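Each remark here refers to the structure printed beneath this line.
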Amino acid sequence: MKFEEVGWFSERLNRHMNIKIYGHYGMPIIAFPCQDKQSDDFANNGMIEVLSSFINDGRIKLYCLDSNDDETVSSQSWDKAQAAYKLEMYHQYVVNEVIPFVRDKQSGYCEPFLIGMSMGASHAANNFFRRPELFSGFLSLSGKFDIASFFGGFFNHDVYMNSPVHYLRNMHFDHPYISLYNQKRMIVVVGKGAFEHLVSASNYELADIAKEKGIHIDFNFWDENSVHDWSSWKYQMPYFLNKILN
């Protein structure tokens, strides 16, 4: 399997950010790690091995990102405005630094697909909903879409703009993004097993909003056997990637 690791200092985030790249060819996929984890998260938890046939066969090329969750959704700082600002800067890092880098690696214009589990799924969905013209779609496994809940009652524009259930609820029915969303592939998966209750409410809320706005997201509400853990995600990820690629 072809592997490459690159990184640079992001002025937006004021920190060094790494990207681990797996594969030689295929659909570009940007993968976000779980909460507080970094670009080695997929490898450390066996997901690269699970996806090895997709990668080795040239069906996908995987770009695994670092996070700055320690400064944003997991920050213990009293300065919630600063944490929210850094969350907004993470979005700006993805669209203004990662996207040009991926296009360069892919040798031209492309619309990467976004994936993630847990907090990574939240980042994947948020980046897609914010800038759907840049991406081909997203796959969310056990994501949470009420990001405001991480800020303990603090709420400002930066929190609002990174909390999909808030800005989508207020999106006008004739907003051009709705038509654009519906040209892309959007898949949301959540179960009823252990610890899924921590995120499931916002999945049902997103489903209500999507129905109201006419956004055609493919929702998959699984049973008690689907838990908030890698044991479920390592089954779900290849299952849904097969659907996307076929």
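Following the order of the structure tokens, first chain is A, next is B, and so on, with residues numbered from 1 inside each chain and ligands from 1 in the order they appear.
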
Could you give me, as a tab-separated table, every region 5-106 of chain A residue with an atom at most 10 Å from region 122-128 of chain A, plus its closest atom pair and distance in Å to one decimal, counting only C-alpha atoms, rows ordered by chain then number?
residue	atom	partner	partner_atom	distance
A:Ile30	CA	A:Ala124	CA	8.3
A:Ala31	CA	A:Ala124	CA	7.8
A:Phe32	CA	A:Ala124	CA	6.7
A:Pro33	CA	A:His123	CA	9.0
A:Cys34	CA	A:Ser122	CA	9.4
A:Gln35	CA	A:Ser122	CA	9.7
A:Ser67	CA	A:His123	CA	9.4
A:Leu87	CA	A:His123	CA	9.8
A:Tyr90	CA	A:His123	CA	9.2
A:His91	CA	A:Asn127	CA	6.4
A:Gln92	CA	A:Asn127	CA	9.2
A:Val94	CA	A:Asn127	CA	7.8
A:Val95	CA	A:Asn127	CA	7.9

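Counting only C-alpha atoms, Phe240 (chain A) has the following residues at most 12 Å away, ignoring those fewer than 2 positions along the same chain: A:Leu51, A:Ile115, A:Phe138, A:Leu139, A:Ser140, A:Leu141, A:Arg185, A:Met186, A:Ile187, A:Val188, A:Val189, A:Asp218, A:Phe219, A:Asn220, A:Trp233, A:Lys234, A:Tyr235, A:Gln236, A:Met237, A:Pro238, A:Asn242, A:Lys243, A:Ile244, A:Leu245, A:Asn246.
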
Those residues with N, CA and C atoms, as a compact mmCIF listing (two decimals), in the first residue's frame please?
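Full text of out-v4.txt as output:
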# COMPACT_ATOMS: atom_id res chain seq x y z
N LEU A 51 -10.12 -1.16 5.19
CA LEU A 51 -10.31 -0.53 3.89
C LEU A 51 -9.19 -0.85 2.91
N ILE A 115 -15.60 11.68 5.18
CA ILE A 115 -16.06 10.62 6.07
C ILE A 115 -15.57 10.87 7.49
N PHE A 138 -20.86 13.19 1.82
CA PHE A 138 -20.29 12.80 3.11
C PHE A 138 -20.96 11.54 3.64
N LEU A 139 -20.21 10.84 4.49
CA LEU A 139 -20.71 9.68 5.23
C LEU A 139 -20.46 9.94 6.71
N SER A 140 -21.53 10.03 7.48
CA SER A 140 -21.45 10.27 8.92
C SER A 140 -21.83 9.00 9.66
N LEU A 141 -20.91 8.48 10.46
CA LEU A 141 -21.18 7.34 11.34
C LEU A 141 -21.17 7.83 12.78
N ARG A 185 -24.07 12.97 -2.59
CA ARG A 185 -24.41 11.77 -1.81
C ARG A 185 -24.22 12.06 -0.33
N MET A 186 -25.28 11.97 0.43
CA MET A 186 -25.26 12.26 1.86
C MET A 186 -25.81 11.06 2.61
N ILE A 187 -25.00 10.46 3.48
CA ILE A 187 -25.41 9.28 4.23
C ILE A 187 -25.14 9.52 5.71
N VAL A 188 -26.17 9.29 6.52
CA VAL A 188 -26.08 9.45 7.98
C VAL A 188 -26.47 8.13 8.63
N VAL A 189 -25.63 7.64 9.53
CA VAL A 189 -25.85 6.35 10.18
C VAL A 189 -25.72 6.52 11.69
N ASP A 218 -29.73 10.30 3.03
CA ASP A 218 -30.01 8.89 3.24
C ASP A 218 -29.75 8.56 4.72
N PHE A 219 -30.82 8.53 5.52
CA PHE A 219 -30.70 8.23 6.95
C PHE A 219 -30.80 6.73 7.19
N ASN A 220 -29.94 6.23 8.06
CA ASN A 220 -29.92 4.81 8.42
C ASN A 220 -29.91 4.70 9.94
N TRP A 233 -18.28 0.65 13.54
CA TRP A 233 -17.82 1.51 12.44
C TRP A 233 -17.01 0.74 11.41
N LYS A 234 -16.25 -0.27 11.88
CA LYS A 234 -15.43 -1.05 10.94
C LYS A 234 -16.27 -1.97 10.07
N TYR A 235 -17.50 -2.22 10.48
CA TYR A 235 -18.45 -2.93 9.61
C TYR A 235 -19.17 -1.94 8.70
N GLN A 236 -19.61 -0.83 9.28
CA GLN A 236 -20.42 0.13 8.53
C GLN A 236 -19.64 0.83 7.42
N MET A 237 -18.39 1.19 7.68
CA MET A 237 -17.62 1.97 6.71
C MET A 237 -17.49 1.27 5.36
N PRO A 238 -16.99 0.03 5.29
CA PRO A 238 -16.91 -0.62 3.98
C PRO A 238 -18.27 -0.91 3.37
N ASN A 242 -19.02 0.74 -0.30
CA ASN A 242 -19.41 -0.07 -1.47
C ASN A 242 -20.62 0.53 -2.16
N LYS A 243 -21.59 0.98 -1.38
CA LYS A 243 -22.78 1.60 -1.97
C LYS A 243 -22.41 2.89 -2.71
N ILE A 244 -21.54 3.68 -2.11
CA ILE A 244 -21.16 4.95 -2.72
C ILE A 244 -20.39 4.73 -4.01
N LEU A 245 -19.46 3.81 -4.00
CA LEU A 245 -18.60 3.58 -5.15
C LEU A 245 -19.32 2.85 -6.28
N ASN A 246 -20.37 2.14 -5.94
CA ASN A 246 -21.11 1.39 -6.98
C ASN A 246 -22.27 2.21 -7.54

Find, counting only C-alpha atoms, the residue in A:Ala194, A:Ile55, A:Ile217, A:Ile209 that gets nearest to Tyr181 (chain A).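 Selected residue with least distance to Tyr181 (chain A): A:Ile217.
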
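Those residues of region 47-221 of chain A that DSSP, working from the backbone, places in strand (DSSP E) are Ile60, Lys61, Leu62, Tyr63, Cys64, Leu65, Phe113, Leu114, Ile115, Gly116, Met117, Gly137, Phe138, Leu139, Ser140, Leu141, Arg185, Met186, Ile187, Val188, Val189, Val190, Asp218, Phe219, Asn220 and Phe221 of chain A.
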
Calculated over only C-alpha atoms, which of the candidates A:Tyr22, A:Pro176, A:Ile215, A:Ala81 has the smallest distance to Glu49 (chain A)? A:Tyr22

Residue with the minimum atom-to-atom distance to Ser179 (chain A), picked from A:Glu133, A:Asp66, A:Glu11, A:Asp40 with only C-alpha atoms counted, is A:Glu133

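Those residues that approach Gly7 (chain A) to within 6 Å, counting only C-alpha atoms, are Met17, Asn18 and Ile19 of chain A; same-chain residues fewer than 3 positions away are not listed.
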
Option closest in space to Lys37 (chain A), from A:Glu4, A:Gly137, A:Gly120, A:Ser75 [counting only C-alpha atoms]: A:Gly120

Top pick for closest residue to His24 (chain A), considering A:Phe145, A:Phe151, A:Phe221, A:Tyr63 and counting only C-alpha atoms: A:Tyr63

Nearest to Asn96 (chain A) among A:Met47, A:Val6, A:Leu241, A:Leu13, with distances taken over only C-alpha atoms: which residue is it?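 Of all the options, A:Leu13 lies closest to Asn96 (chain A).
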
As a PyMOL selection string, list the residues of region 31-197 of chain A assigned to helix (DSSP H, G or I) by DSSP on the backbone atoms of this structure. chain A and resi 41-44+47-50+52-56+69-71+80-105+119-130+132-134+147-151+157-160+164-169+176-181+197

Residues within 8 Å of Ser226 (chain A), please, as a ChimeraX atom specification. Count only C-alpha atoms; anything in the same chain fewer than 2 positions from it doesn't count. /A:190-194,222-224,228,232

Got a sec: who's within 7 Å of region 204-207 of chain A, counting only C-alpha atoms, leaving out chain neighbours fewer than 4 positions off, as a CSV table (one decimal) with C-alpha atoms, in the first residue's frame?
chain,number,residue,atom,x,y,z
A,165,VAL,CA,-29.0,21.7,13.1
A,200,SER,CA,-28.7,10.1,18.4
A,211,LYS,CA,-37.7,16.4,5.6

Nearby residues (only C-alpha atoms) at most 10 Å from Met161 (chain A), same-chain spacing under 2 positions excluded, as a list in words: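 With the cut-off at 10 Å, the set is Ala84, Leu87, Glu88, His91, Asn126, Arg130, Ile147, Ala148, Asn156, His157, Asp158, Val159, Ser163, Pro164, Val165, His166, Tyr167 and Leu168 of chain A.
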
Residues from the last selection, C-alpha atoms, saved as an mmCIF file, in the first residue's frame:
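New file again_12.cif:
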data_model
loop_
_atom_site.group_PDB
_atom_site.id
_atom_site.type_symbol
_atom_site.label_atom_id
_atom_site.label_comp_id
_atom_site.auth_asym_id
_atom_site.auth_seq_id
_atom_site.Cartn_x
_atom_site.Cartn_y
_atom_site.Cartn_z
ATOM 1 C CA ALA A 84 -15.506 28.736 18.983
ATOM 2 C CA LEU A 87 -13.489 25.718 15.548
ATOM 3 C CA GLU A 88 -14.345 28.135 12.741
ATOM 4 C CA HIS A 91 -13.344 24.757 8.867
ATOM 5 C CA ASN A 126 -20.409 20.411 8.790
ATOM 6 C CA ARG A 130 -21.096 24.750 4.734
ATOM 7 C CA ILE A 147 -22.281 21.372 18.126
ATOM 8 C CA ALA A 148 -23.623 24.095 20.411
ATOM 9 C CA ASN A 156 -22.210 33.078 19.192
ATOM 10 C CA HIS A 157 -21.871 33.314 15.410
ATOM 11 C CA ASP A 158 -18.910 30.910 15.261
ATOM 12 C CA VAL A 159 -20.817 28.269 17.235
ATOM 13 C CA SER A 163 -23.695 23.579 14.311
ATOM 14 C CA PRO A 164 -25.651 22.101 11.370
ATOM 15 C CA VAL A 165 -29.002 21.713 13.130
ATOM 16 C CA HIS A 166 -28.957 25.434 13.864
ATOM 17 C CA TYR A 167 -28.033 26.907 10.501
ATOM 18 C CA LEU A 168 -29.942 24.315 8.466
#
